[in-house]
Amino acid sequence: MSKQQWKPGNMVYPLPAVLVSCGSRDGRINVMTAAWTGTICSDPAMVYVSIRKSRYSHSIIKESGEYVINLTTEALAYATDFAGVKSGRDMDKFKELKLTPIRGTLKYAPMIDESPVCIECTTEKIVELGSHDMFIGRVCAVHADEKYMDKNGKFSLEDAHPLVYSHGQYYGIGRHIGKFGYSVQKKKGL
């Protein structure tokens with residue numbers, strides 16, 4: 001097998017394409033798109049989102065100390081892209097995209113009602129990294145849309161058709177291959 005060597009870059013793909021919502025102490029709300037996001041600790045539950053200093057949401061989150069990571073779906077693809085290329089300094093993206101801000105447990109940052117999962121976070125630490133600052137957040141609450149709960153009370157995110165980002169493109173997640181641990185699971189009837 002032959003491989004090309006490229007200059008250093010971020011090639012960890014696919015990534016979740018999420019909508020990050022935030023609110024200021026004076027009542028301004030905004031939503032932006034981020035793909036630099038993920039889990040960093042399970043106990044306590046902590047996540048991160050990395051945001052350029054020049055982004056409108058950066059100063060809002062830095063000042064309020066809270067944000068919401070809203071998972072996206074194929075149905076939210078247009079809104080996800082738009083929220084990533086337009087600035088909240090110039091418009092109310094919630095109104096423009098017909099997204100519904102709703103209150104959860106946080107004081108300033110709203111959740112997005114159209115999102116299947118909303119992860120409310122308070123900023124524990126801001127790490128300056130260069131082009132982006134990483135907002136390390138402690139998860140305060142997770143809100144899951146009841147329409148994706150099955151009859152056994154299991155949440156089925158796959159029914160929401162999650163959206164991912166890969167090297168400048170948006171994709172659905174595709175078909176189910178296996179569950180965690182399926183490679184070592186004992187075969188039934190043996």
# chains A, B, ... in the order shown; residues from 1 in each chain; ligands from 1

$ select_by_dssp --residues "region 81-157 of chain A" --states "helix (DSSP H, G or I)" --output "ChimeraX atom specification"
/A:81-85,93-97,146-148,157

$ write_last_selection --atoms "N, CA, C and O atoms" --output "PDB file, in the first residue's frame"
ATOM      1  N   ASP A  81     -25.503  24.502   7.799  1.00  0.00           N
ATOM      2  CA  ASP A  81     -24.560  25.173   6.906  1.00  0.00           C
ATOM      3  C   ASP A  81     -24.685  26.691   7.019  1.00  0.00           C
ATOM      4  O   ASP A  81     -23.694  27.401   7.174  1.00  0.00           O
ATOM      5  N   PHE A  82     -25.908  27.201   6.954  1.00  0.00           N
ATOM      6  CA  PHE A  82     -26.156  28.648   7.000  1.00  0.00           C
ATOM      7  C   PHE A  82     -25.605  29.256   8.286  1.00  0.00           C
ATOM      8  O   PHE A  82     -24.963  30.304   8.260  1.00  0.00           O
ATOM      9  N   ALA A  83     -25.858  28.594   9.417  1.00  0.00           N
ATOM     10  CA  ALA A  83     -25.401  29.115  10.707  1.00  0.00           C
ATOM     11  C   ALA A  83     -23.880  29.141  10.810  1.00  0.00           C
ATOM     12  O   ALA A  83     -23.326  29.856  11.636  1.00  0.00           O
ATOM     13  N   GLY A  84     -23.210  28.384   9.936  1.00  0.00           N
ATOM     14  CA  GLY A  84     -21.756  28.364   9.934  1.00  0.00           C
ATOM     15  C   GLY A  84     -21.117  29.376   9.005  1.00  0.00           C
ATOM     16  O   GLY A  84     -19.933  29.681   9.149  1.00  0.00           O
ATOM     17  N   VAL A  85     -21.888  29.915   8.072  1.00  0.00           N
ATOM     18  CA  VAL A  85     -21.309  30.866   7.117  1.00  0.00           C
ATOM     19  C   VAL A  85     -21.829  32.288   7.285  1.00  0.00           C
ATOM     20  O   VAL A  85     -21.253  33.220   6.731  1.00  0.00           O
ATOM     21  N   LYS A  93     -30.127  34.778  13.561  1.00  0.00           N
ATOM     22  CA  LYS A  93     -30.138  33.503  12.836  1.00  0.00           C
ATOM     23  C   LYS A  93     -31.270  32.593  13.293  1.00  0.00           C
ATOM     24  O   LYS A  93     -31.768  31.796  12.505  1.00  0.00           O
ATOM     25  N   PHE A  94     -31.696  32.706  14.533  1.00  0.00           N
ATOM     26  CA  PHE A  94     -32.849  31.913  14.967  1.00  0.00           C
ATOM     27  C   PHE A  94     -34.072  32.262  14.109  1.00  0.00           C
ATOM     28  O   PHE A  94     -34.748  31.380  13.593  1.00  0.00           O
ATOM     29  N   LYS A  95     -34.341  33.566  13.947  1.00  0.00           N
ATOM     30  CA  LYS A  95     -35.493  33.997  13.135  1.00  0.00           C
ATOM     31  C   LYS A  95     -35.288  33.650  11.671  1.00  0.00           C
ATOM     32  O   LYS A  95     -36.200  33.149  11.010  1.00  0.00           O
ATOM     33  N   GLU A  96     -34.112  33.938  11.152  1.00  0.00           N
ATOM     34  CA  GLU A  96     -33.821  33.694   9.736  1.00  0.00           C
ATOM     35  C   GLU A  96     -34.008  32.217   9.379  1.00  0.00           C
ATOM     36  O   GLU A  96     -34.503  31.886   8.304  1.00  0.00           O
ATOM     37  N   LEU A  97     -33.597  31.327  10.271  1.00  0.00           N
ATOM     38  CA  LEU A  97     -33.651  29.888  10.000  1.00  0.00           C
ATOM     39  C   LEU A  97     -34.906  29.214  10.551  1.00  0.00           C
ATOM     40  O   LEU A  97     -35.066  28.000  10.417  1.00  0.00           O
ATOM     41  N   GLU A 146     -38.550  13.325  22.907  1.00  0.00           N
ATOM     42  CA  GLU A 146     -39.337  12.134  23.207  1.00  0.00           C
ATOM     43  C   GLU A 146     -39.780  11.372  21.962  1.00  0.00           C
ATOM     44  O   GLU A 146     -40.024  10.167  22.035  1.00  0.00           O
ATOM     45  N   LYS A 147     -39.867  12.043  20.821  1.00  0.00           N
ATOM     46  CA  LYS A 147     -40.327  11.332  19.621  1.00  0.00           C
ATOM     47  C   LYS A 147     -39.327  10.283  19.131  1.00  0.00           C
ATOM     48  O   LYS A 147     -39.660   9.456  18.301  1.00  0.00           O
ATOM     49  N   TYR A 148     -38.108  10.296  19.688  1.00  0.00           N
ATOM     50  CA  TYR A 148     -37.111   9.289  19.311  1.00  0.00           C
ATOM     51  C   TYR A 148     -36.946   8.199  20.378  1.00  0.00           C
ATOM     52  O   TYR A 148     -36.002   7.426  20.328  1.00  0.00           O
ATOM     53  N   LEU A 157     -31.324   7.617  18.406  1.00  0.00           N
ATOM     54  CA  LEU A 157     -30.823   8.774  17.658  1.00  0.00           C
ATOM     55  C   LEU A 157     -30.792   8.494  16.161  1.00  0.00           C
ATOM     56  O   LEU A 157     -31.026   9.392  15.355  1.00  0.00           O
TER      57      LEU A 157
END

$ select_by_dssp --residues "region 26-177 of chain A" --states "strand (DSSP E)" --output "ChimeraX atom specification"
/A:29-34,37-42,45-52,66-70,101-102,111-112,117-128,132-144,163-166,169-172

$ residues_around --residues "Asp26 (chain A)" --least-positions-apart "5" --cutoff "10 Å" --atoms "only C-alpha atoms" --output "ChimeraX atom specification"
/A:60,64,108

$ write_last_selection --atoms "C-alpha atoms" --output "JSON list (two decimals), in the first residue's frame"
[["chain", "number", "residue", "atom", "x", "y", "z"],
["A", 60, "ILE", "CA", -20.98, 35.69, 24.16],
["A", 64, "SER", "CA", -21.91, 34.21, 29.94],
["A", 108, "TYR", "CA", -28.67, 32.55, 29.27]]

$ residues_around --residues "Ala75 (chain A)" --least-positions-apart "6" --cutoff "10 Å" --atoms "only C-alpha atoms" --output "VMD selection string"
chain A and resid 114 to 115 160 to 163

$ closest_residue --among "A:Val127, A:Leu15, A:Ala144, A:Met134" --to "Gly104 (chain A)" --atoms "only C-alpha atoms"
A:Ala144

$ residues_around --residues "region 41-52 of chain A" --least-positions-apart "4" --cutoff "8 Å" --atoms "only C-alpha atoms" --output "list in words"
Ala34, Trp36, Thr37, His58, Ser131, His132, Asp133, Met134, Phe135, Ile136, Gly137, Arg138 and Val139 of chain A

$ atom_distance --atom1 "CA of Cys140 (chain A)" --atom2 "CA of Lys125 (chain A)"
14.7 Å

$ atom_distance --atom1 "CA of Lys151 (chain A)" --atom2 "CA of His176 (chain A)"
19.8 Å

$ atom_distance --atom1 "CA of Thr100 (chain A)" --atom2 "CA of Glu120 (chain A)"
15.8 Å

$ residues_around --residues "Thr72 (chain A)" --least-positions-apart "2" --cutoff "10 Å" --atoms "only C-alpha atoms" --output "PyMOL selection string"
chain A and resi 16-19+33+69-70+74-77+79-80+112+114-118+160-164
